[in-house]
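Undergrad: Sending over work_12.cif (mmCIF, C-alpha atoms).
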```
data_protein
loop_
_atom_site.group_PDB
_atom_site.id
_atom_site.type_symbol
_atom_site.label_atom_id
_atom_site.label_comp_id
_atom_site.auth_asym_id
_atom_site.auth_seq_id
_atom_site.Cartn_x
_atom_site.Cartn_y
_atom_site.Cartn_z
ATOM 1 C CA MET A 16 374.671 3.594 53.347
ATOM 2 C CA ALA A 17 377.688 1.554 54.014
ATOM 3 C CA THR A 18 379.852 4.588 53.357
ATOM 4 C CA ALA A 19 377.952 6.619 55.954
ATOM 5 C CA PHE A 20 378.487 3.914 58.563
ATOM 6 C CA ALA A 21 382.175 3.857 57.624
ATOM 7 C CA LEU A 22 382.665 7.619 58.109
ATOM 8 C CA ALA A 23 380.842 7.722 61.414
ATOM 9 C CA PRO A 24 383.651 6.130 63.473
ATOM 10 C CA ILE A 25 386.195 8.431 61.822
ATOM 11 C CA GLN A 26 384.231 11.599 62.743
ATOM 12 C CA GLN A 27 383.708 10.354 66.270
ATOM 13 C CA GLN A 28 387.451 9.676 66.583
ATOM 14 C CA GLU A 29 388.298 13.192 65.331
ATOM 15 C CA ALA A 30 385.845 14.758 67.810
ATOM 16 C CA GLU A 31 387.279 12.810 70.720
ATOM 17 C CA SER A 32 390.952 13.419 69.820
ATOM 18 C CA PRO A 33 392.442 16.908 70.829
ATOM 19 C CA PRO A 34 393.968 19.224 68.229
ATOM 20 C CA ALA A 35 397.556 18.867 67.147
ATOM 21 C CA ALA A 36 398.559 22.106 68.939
ATOM 22 C CA LEU A 37 397.208 20.728 72.244
ATOM 23 C CA ARG A 38 399.008 17.471 71.759
ATOM 24 C CA MET A 39 402.229 19.377 71.018
ATOM 25 C CA GLY A 40 401.720 21.288 74.262
ATOM 26 C CA GLU A 41 401.548 18.092 76.233
ATOM 27 C CA ILE A 42 404.777 16.848 74.735
ATOM 28 C CA GLN A 43 406.902 20.100 74.564
ATOM 29 C CA PRO A 44 406.850 22.588 77.530
ATOM 30 C CA SER A 45 405.931 26.214 76.828
ATOM 31 C CA LEU A 46 408.692 28.778 76.428
ATOM 32 C CA PHE A 47 406.759 31.288 78.568
ATOM 33 C CA PRO A 48 405.615 29.438 81.643
ATOM 34 C CA SER A 49 403.872 32.462 83.088
ATOM 35 C CA SER A 50 400.179 32.579 82.485
ATOM 36 C CA THR A 51 400.215 36.389 82.169
ATOM 37 C CA PRO A 52 400.510 37.506 78.562
ATOM 38 C CA LYS A 53 403.450 39.719 77.663
ATOM 39 C CA VAL A 54 401.980 42.682 75.810
ATOM 40 C CA ILE A 55 404.178 45.538 74.631
ATOM 41 C CA ALA A 56 402.404 48.732 73.766
ATOM 42 C CA ILE A 57 403.357 50.025 70.349
ATOM 43 C CA PRO A 58 402.721 53.771 69.952
ATOM 44 C CA THR A 59 401.593 53.371 66.356
ATOM 45 C CA LEU A 60 399.026 50.755 67.301
ATOM 46 C CA THR A 61 398.094 51.698 70.882
ATOM 47 C CA PRO A 62 398.827 55.439 71.440
ATOM 48 C CA LEU A 63 399.200 56.564 75.049
ATOM 49 C CA ARG A 64 396.576 58.790 76.588
ATOM 50 C CA ALA A 65 397.675 62.440 76.637
ATOM 51 C CA ALA A 66 397.708 64.011 80.089
ATOM 52 C CA PRO A 67 395.412 66.968 80.759
ATOM 53 C CA PRO A 68 396.986 70.450 80.466
ATOM 54 C CA GLU A 69 396.944 70.915 84.251
ATOM 55 C CA GLU A 70 398.877 67.687 84.847
ATOM 56 C CA ARG A 71 401.445 68.572 82.146
ATOM 57 C CA VAL A 72 402.117 71.985 83.733
ATOM 58 C CA THR A 73 402.491 70.398 87.169
ATOM 59 C CA ALA A 74 404.872 67.756 85.835
ATOM 60 C CA ARG A 75 406.974 70.385 84.023
ATOM 61 C CA ARG A 76 407.280 72.477 87.198
ATOM 62 C CA ALA A 77 408.245 69.441 89.226
ATOM 63 C CA ALA A 78 410.935 68.510 86.694
ATOM 64 C CA THR A 79 412.465 71.976 86.626
ATOM 65 C CA LYS A 80 412.456 72.401 90.391
ATOM 66 C CA SER A 81 415.788 71.367 91.864
ATOM 67 C CA PRO A 82 415.611 68.987 94.796
ATOM 68 C CA ARG A 83 416.352 70.445 98.190
ATOM 69 C CA ARG A 84 419.487 69.235 99.850
ATOM 70 C CA THR A 85 419.842 69.181 103.564
ATOM 71 C CA ALA A 86 423.280 70.133 104.758
ATOM 72 C CA SER A 87 424.792 67.930 107.356
ATOM 73 C CA ASN A 88 425.889 69.291 110.686
ATOM 74 C CA SER A 89 429.470 68.231 110.026
ATOM 75 C CA GLN A 90 429.754 70.310 106.849
ATOM 76 C CA GLN A 91 430.507 74.007 107.224
ATOM 77 C CA GLN A 92 428.385 76.493 105.317
ATOM 78 C CA LEU A 93 429.778 79.516 103.523
ATOM 79 C CA ASP A 94 427.893 82.780 103.982
ATOM 80 C CA LEU A 95 428.164 84.464 100.584
ATOM 81 C CA GLN A 96 425.659 87.220 101.319
ATOM 82 C CA GLU A 97 427.073 90.654 101.975
ATOM 83 C CA GLN A 98 426.340 92.020 105.401
ATOM 84 C CA ASP A 99 425.003 95.467 105.926
ATOM 85 C CA GLU A 100 427.792 97.864 106.831
ATOM 86 C CA SER A 101 425.742 99.476 109.542
ATOM 87 C CA GLU A 102 425.279 96.077 111.244
ATOM 88 C CA ALA A 103 428.823 94.775 110.729
ATOM 89 C CA LYS A 104 430.651 97.871 111.910
ATOM 90 C CA PRO A 105 430.164 99.860 115.097
ATOM 91 C CA ASP A 106 429.520 103.575 114.785
ATOM 92 C CA ASN A 107 432.399 104.689 117.018
ATOM 93 C CA ALA A 108 435.225 102.815 115.259
ATOM 94 C CA LEU A 109 437.516 103.776 112.393
ATOM 95 C CA TYR A 110 437.088 101.726 109.223
ATOM 96 C CA CYS A 111 440.090 103.133 107.329
ATOM 97 C CA ASP A 112 443.872 103.036 107.664
ATOM 98 C CA ALA A 113 444.248 106.813 108.045
ATOM 99 C CA ARG A 114 445.833 107.819 111.345
ATOM 100 C CA VAL A 115 444.389 110.451 113.590
ATOM 101 C CA ALA A 116 446.480 113.625 113.642
ATOM 102 C CA LEU A 117 448.725 114.162 116.647
ATOM 103 C CA ALA A 118 447.653 116.533 119.372
ATOM 104 C CA ALA A 119 450.474 118.943 118.445
ATOM 105 C CA GLN A 120 449.299 119.083 114.825
ATOM 106 C CA ARG A 121 445.689 119.667 115.832
ATOM 107 C CA THR A 122 446.721 122.382 118.268
ATOM 108 C CA PHE A 123 448.798 124.106 115.601
ATOM 109 C CA ALA A 124 445.837 124.069 113.181
ATOM 110 C CA ALA A 125 443.484 125.433 115.862
ATOM 111 C CA VAL A 126 445.912 128.237 116.728
ATOM 112 C CA ALA A 127 446.260 129.182 113.049
ATOM 113 C CA ASP A 128 442.467 129.331 112.585
ATOM 114 C CA SER A 129 442.059 131.286 115.825
ATOM 115 C CA ALA A 130 444.691 133.762 114.647
ATOM 116 C CA ALA A 131 442.721 134.273 111.434
ATOM 117 C CA VAL A 132 439.570 134.954 113.488
ATOM 118 C CA VAL A 133 441.388 137.393 115.764
ATOM 119 C CA VAL A 134 442.872 139.242 112.811
ATOM 120 C CA GLY A 135 439.451 139.521 111.176
ATOM 121 C CA SER A 136 437.851 140.800 114.387
ATOM 122 C CA ALA A 137 440.647 143.314 114.919
ATOM 123 C CA LEU A 138 440.237 144.684 111.399
ATOM 124 C CA PHE A 139 436.506 145.101 111.872
ATOM 125 C CA LEU A 140 436.924 146.807 115.260
ATOM 126 C CA GLY A 141 439.653 149.043 113.883
ATOM 127 C CA LEU A 142 437.403 150.187 111.057
ATOM 128 C CA ALA A 143 434.587 150.810 113.538
ATOM 129 C CA ALA A 144 436.862 152.907 115.786
ATOM 130 C CA TRP A 145 438.187 154.831 112.790
ATOM 131 C CA ALA A 146 434.592 155.581 111.767
ATOM 132 C CA GLY A 147 433.896 156.979 115.252
ATOM 133 C CA VAL A 148 431.590 154.175 116.449
ATOM 134 C CA ASP A 149 431.275 153.991 120.265
ATOM 135 C CA LEU A 150 432.435 150.480 121.157
ATOM 136 C CA ALA A 151 431.395 150.772 124.813
ATOM 137 C CA ILE A 152 428.219 148.943 125.819
ATOM 138 C CA ARG A 153 426.905 150.139 129.174
ATOM 139 C CA GLY A 154 430.270 151.600 129.955
ATOM 140 C CA ASN A 155 432.174 148.341 129.191
ATOM 141 C CA VAL A 156 434.408 148.268 126.122
ATOM 142 C CA PHE A 157 434.874 144.469 126.192
ATOM 143 C CA TYR A 158 431.314 143.323 125.404
ATOM 144 C CA LEU A 159 431.245 144.423 121.801
ATOM 145 C CA PRO A 160 434.732 143.113 120.873
ATOM 146 C CA ALA A 161 433.933 139.759 122.485
ATOM 147 C CA ALA A 162 430.593 139.500 120.688
ATOM 148 C CA MET A 163 432.197 140.543 117.434
ATOM 149 C CA THR A 164 434.902 137.898 117.790
ATOM 150 C CA VAL A 165 432.242 135.190 118.279
ATOM 151 C CA VAL A 166 430.349 136.375 115.208
ATOM 152 C CA VAL A 167 433.501 136.422 113.079
ATOM 153 C CA ALA A 168 434.440 132.919 114.286
ATOM 154 C CA LEU A 169 430.998 131.559 113.367
ATOM 155 C CA LEU A 170 431.166 133.184 109.957
ATOM 156 C CA TYR A 171 434.696 131.929 109.423
ATOM 157 C CA ARG A 172 433.777 128.341 110.288
ATOM 158 C CA GLY A 173 430.440 128.492 108.533
ATOM 159 C CA ILE A 174 431.878 129.634 105.218
ATOM 160 C CA TRP A 175 434.305 126.715 105.016
ATOM 161 C CA CYS A 176 431.553 124.285 106.003
ATOM 162 C CA LEU A 177 429.229 125.583 103.294
ATOM 163 C CA ILE A 178 431.849 125.279 100.571
ATOM 164 C CA ASN A 179 432.837 121.869 102.026
ATOM 165 C CA ARG A 180 436.529 122.644 102.282
ATOM 166 C CA ASP A 181 439.126 122.420 105.026
ATOM 167 C CA THR A 182 440.006 125.598 106.898
ATOM 168 C CA PRO A 183 443.210 127.472 106.047
ATOM 169 C CA GLY A 184 444.614 126.566 109.477
ATOM 170 C CA MET A 185 444.238 122.838 108.781
ATOM 171 C CA ARG A 186 445.781 123.132 105.346
ATOM 172 C CA PHE A 187 448.627 125.205 106.767
ATOM 173 C CA ALA A 188 449.262 122.449 109.340
ATOM 174 C CA GLY A 189 449.247 119.786 106.632
ATOM 175 C CA LEU A 190 445.962 118.214 107.796
ATOM 176 C CA LYS A 191 442.746 117.266 106.088
ATOM 177 C CA LEU A 192 439.372 116.196 107.430
ATOM 178 C CA VAL A 193 438.084 112.718 106.574
ATOM 179 C CA ASP A 194 435.233 110.547 107.787
ATOM 180 C CA PHE A 195 435.561 107.155 109.436
ATOM 181 C CA ASP A 196 435.696 105.516 105.975
ATOM 182 C CA GLY A 197 438.664 107.656 104.919
ATOM 183 C CA ARG A 198 436.637 109.732 102.436
ATOM 184 C CA THR A 199 436.017 113.462 102.245
ATOM 185 C CA PRO A 200 433.106 114.177 104.588
ATOM 186 C CA ARG A 201 429.819 115.601 103.413
ATOM 187 C CA ARG A 202 428.717 119.143 104.154
ATOM 188 C CA ASP A 203 426.288 118.074 106.858
ATOM 189 C CA ARG A 204 429.067 116.198 108.665
ATOM 190 C CA ARG A 205 431.161 119.348 108.777
ATOM 191 C CA ILE A 206 428.247 121.357 110.191
ATOM 192 C CA ILE A 207 427.624 118.728 112.867
ATOM 193 C CA ARG A 208 431.315 118.825 113.726
ATOM 194 C CA GLN A 209 431.192 122.590 114.342
ATOM 195 C CA PHE A 210 428.279 122.340 116.767
ATOM 196 C CA ALA A 211 429.883 119.340 118.461
ATOM 197 C CA GLY A 212 433.108 121.340 118.805
ATOM 198 C CA VAL A 213 431.201 124.018 120.722
ATOM 199 C CA LEU A 214 429.895 121.295 123.018
ATOM 200 C CA SER A 215 433.432 120.050 123.636
ATOM 201 C CA LEU A 216 434.496 123.572 124.611
ATOM 202 C CA LEU A 217 431.485 124.373 126.789
ATOM 203 C CA SER A 218 432.019 121.181 128.804
ATOM 204 C CA ALA A 219 435.091 122.833 130.407
ATOM 205 C CA GLY A 220 437.248 121.302 127.696
ATOM 206 C CA VAL A 221 436.387 117.713 128.700
ATOM 207 C CA GLY A 222 435.447 116.916 125.106
ATOM 208 C CA LEU A 223 438.948 117.891 123.994
ATOM 209 C CA ILE A 224 440.748 116.143 126.833
ATOM 210 C CA TRP A 225 438.806 112.989 125.996
ATOM 211 C CA ALA A 226 441.295 112.339 123.173
ATOM 212 C CA VAL A 227 443.952 111.513 125.811
ATOM 213 C CA VAL A 228 441.997 108.544 127.195
ATOM 214 C CA ASP A 229 440.272 107.524 123.974
ATOM 215 C CA GLU A 230 441.491 104.314 122.336
ATOM 216 C CA GLU A 231 441.891 105.991 118.945
ATOM 217 C CA ASN A 232 442.680 109.512 120.258
ATOM 218 C CA LEU A 233 439.332 110.919 119.124
ATOM 219 C CA THR A 234 437.558 113.853 120.756
ATOM 220 C CA TRP A 235 433.856 114.214 121.416
ATOM 221 C CA HIS A 236 433.211 116.143 118.227
ATOM 222 C CA ASP A 237 435.181 113.489 116.314
ATOM 223 C CA HIS A 238 432.858 110.777 117.590
ATOM 224 C CA ILE A 239 429.688 112.813 117.174
ATOM 225 C CA SER A 240 430.425 113.883 113.594
ATOM 226 C CA GLN A 241 432.281 110.665 112.690
ATOM 227 C CA THR A 242 435.102 112.758 111.212
ATOM 228 C CA PHE A 243 438.696 113.387 112.263
ATOM 229 C CA PRO A 244 441.746 115.238 110.993
ATOM 230 C CA THR A 245 444.602 113.244 109.511
ATOM 231 C CA ALA A 246 447.957 114.100 107.966
ATOM 232 C CA ASP A 247 447.630 114.993 104.297
#
```
With the file now loaded, output its structure as structure tokens.
TA:
Amino acid sequence: MATAFALAPIQQQEAESPPAALRMGEIQPSLFPSSTPKVIAIPTLTPLRAAPPEERVTARRAATKSPRRTASNSQQQLDLQEQDESEAKPDNALYCDARVALAAQRTFAAVADSAAVVVGSALFLGLAAWAGVDLAIRGNVFYLPAAMTVVVALLYRGIWCLINRDTPGMRFAGLKLVDFDGRTPRRDRRIIRQFAGVLSLLSAGVGLIWAVVDEENLTWHDHISQTFPTAD
């Protein structure tokens, strides 16, 4: 009984006295004064939540997309895109270094081709007269030769257009036909040139005289067909 009374004050003293850790806290300050606990997530213990497939795809696209940069007004921009030739170049200008043939050279070539047409017409009319064909039409002997000369000229020009070659008169004068890019023209360009040449003649020769006042000495049929003769 006496032992029980002796232990009672000791138990009461232990209940009233704080633990040793609390007493140590009162004497020594804490190394981490912040009340918020510092918790570091360890992947092996606390694995992160995997994002849904939609969020992962969106994040991957955002990472691969390069950020847009806004160019300042003070910095010059370089235009690396090729411009369309039809927009960058006018249709009535030469794009090559080839020089247009002189008027004397073009006249010489035209005379040579005309001589070939006249010789061909004369041979045909001579054969017709030798065969006894009446060349007079309504009493006029000039209608049929004139019509025959026109037909021979069209055939002469048309044959060289179809085979896409220069006429013998141009080759004899040392000329060749090129387009505004300096290349051999296509067959359709040659055909357009022949019809445009007729227009230059029917306009009282204004289409031919236009080469005198033109900046690049080009005639109407040169501009229309976008071709011109140059020295070979």
Undergrad: Could you state the separation of CA of Pro183 in chain A and CA of Glu230 in chain A in Å, given to one decimal place?
TA: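 Pair CA of Pro183 in chain A / CA of Glu230 in chain A returns 28.4 Å.
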Undergrad: Starting from the PyMOL selection byres ((chain A and resi 135) around 12), expand the selection into actual residues of this file and give them as a list in words.
TA: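 After applying the PyMOL selection byres ((chain A and resi 135) around 12), what remains is Asp128, Ser129, Ala130, Ala131, Val132, Val133, Val134, Ser136, Ala137, Leu138, Phe139, Leu140, Gly141, Leu142, Pro160, Met163, Thr164, Val165, Val166, Val167, Ala168, Leu169, Leu170 and Tyr171 of chain A.
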Undergrad: Which residue out of A:Arg208, A:Thr122, A:Cys176, A:Trp235 has the minimum interatomic distance to Val221 in chain A when only C-alpha atoms are used?
TA: A:Trp235
Undergrad: Report the distance between CA of Val213 in chain A and CA of Phe187 in chain A in Å, rounded to one decimal place.
TA: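 One can read the CA of Val213 in chain A to CA of Phe187 in chain A distance as 22.4 Å.
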Undergrad: When the PyMOL selection byres ((chain A and resi 191) around 9) is applied to the file above, which residues end up in the set, as a tab-separated table (two decimals) with C-alpha atoms, in the coordinates of the input?
TA:
```
chain	number	residue	atom	x	y	z
A	181	ASP	CA	439.13	122.42	105.03
A	182	THR	CA	440.01	125.60	106.90
A	185	MET	CA	444.24	122.84	108.78
A	186	ARG	CA	445.78	123.13	105.35
A	188	ALA	CA	449.26	122.45	109.34
A	189	GLY	CA	449.25	119.79	106.63
A	190	LEU	CA	445.96	118.21	107.80
A	192	LEU	CA	439.37	116.20	107.43
A	193	VAL	CA	438.08	112.72	106.57
A	199	THR	CA	436.02	113.46	102.24
A	243	PHE	CA	438.70	113.39	112.26
A	244	PRO	CA	441.75	115.24	110.99
A	245	THR	CA	444.60	113.24	109.51
A	246	ALA	CA	447.96	114.10	107.97
A	247	ASP	CA	447.63	114.99	104.30
```
Undergrad: Selected by the PyMOL selection byres ((chain A and resi 212) around 12) in the shown coordinates: which residues, as a PyMOL selection string?
TA: chain A and resi 125+169+172+205-211+213-223+234-240+242-243
Undergrad: Just give me the gap between CA of Ile174 in chain A and CA of Asp203 in chain A in Å, one decimal is fine.
TA: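 Between CA of Ile174 in chain A and CA of Asp203 in chain A the gap works out to 12.9 Å.
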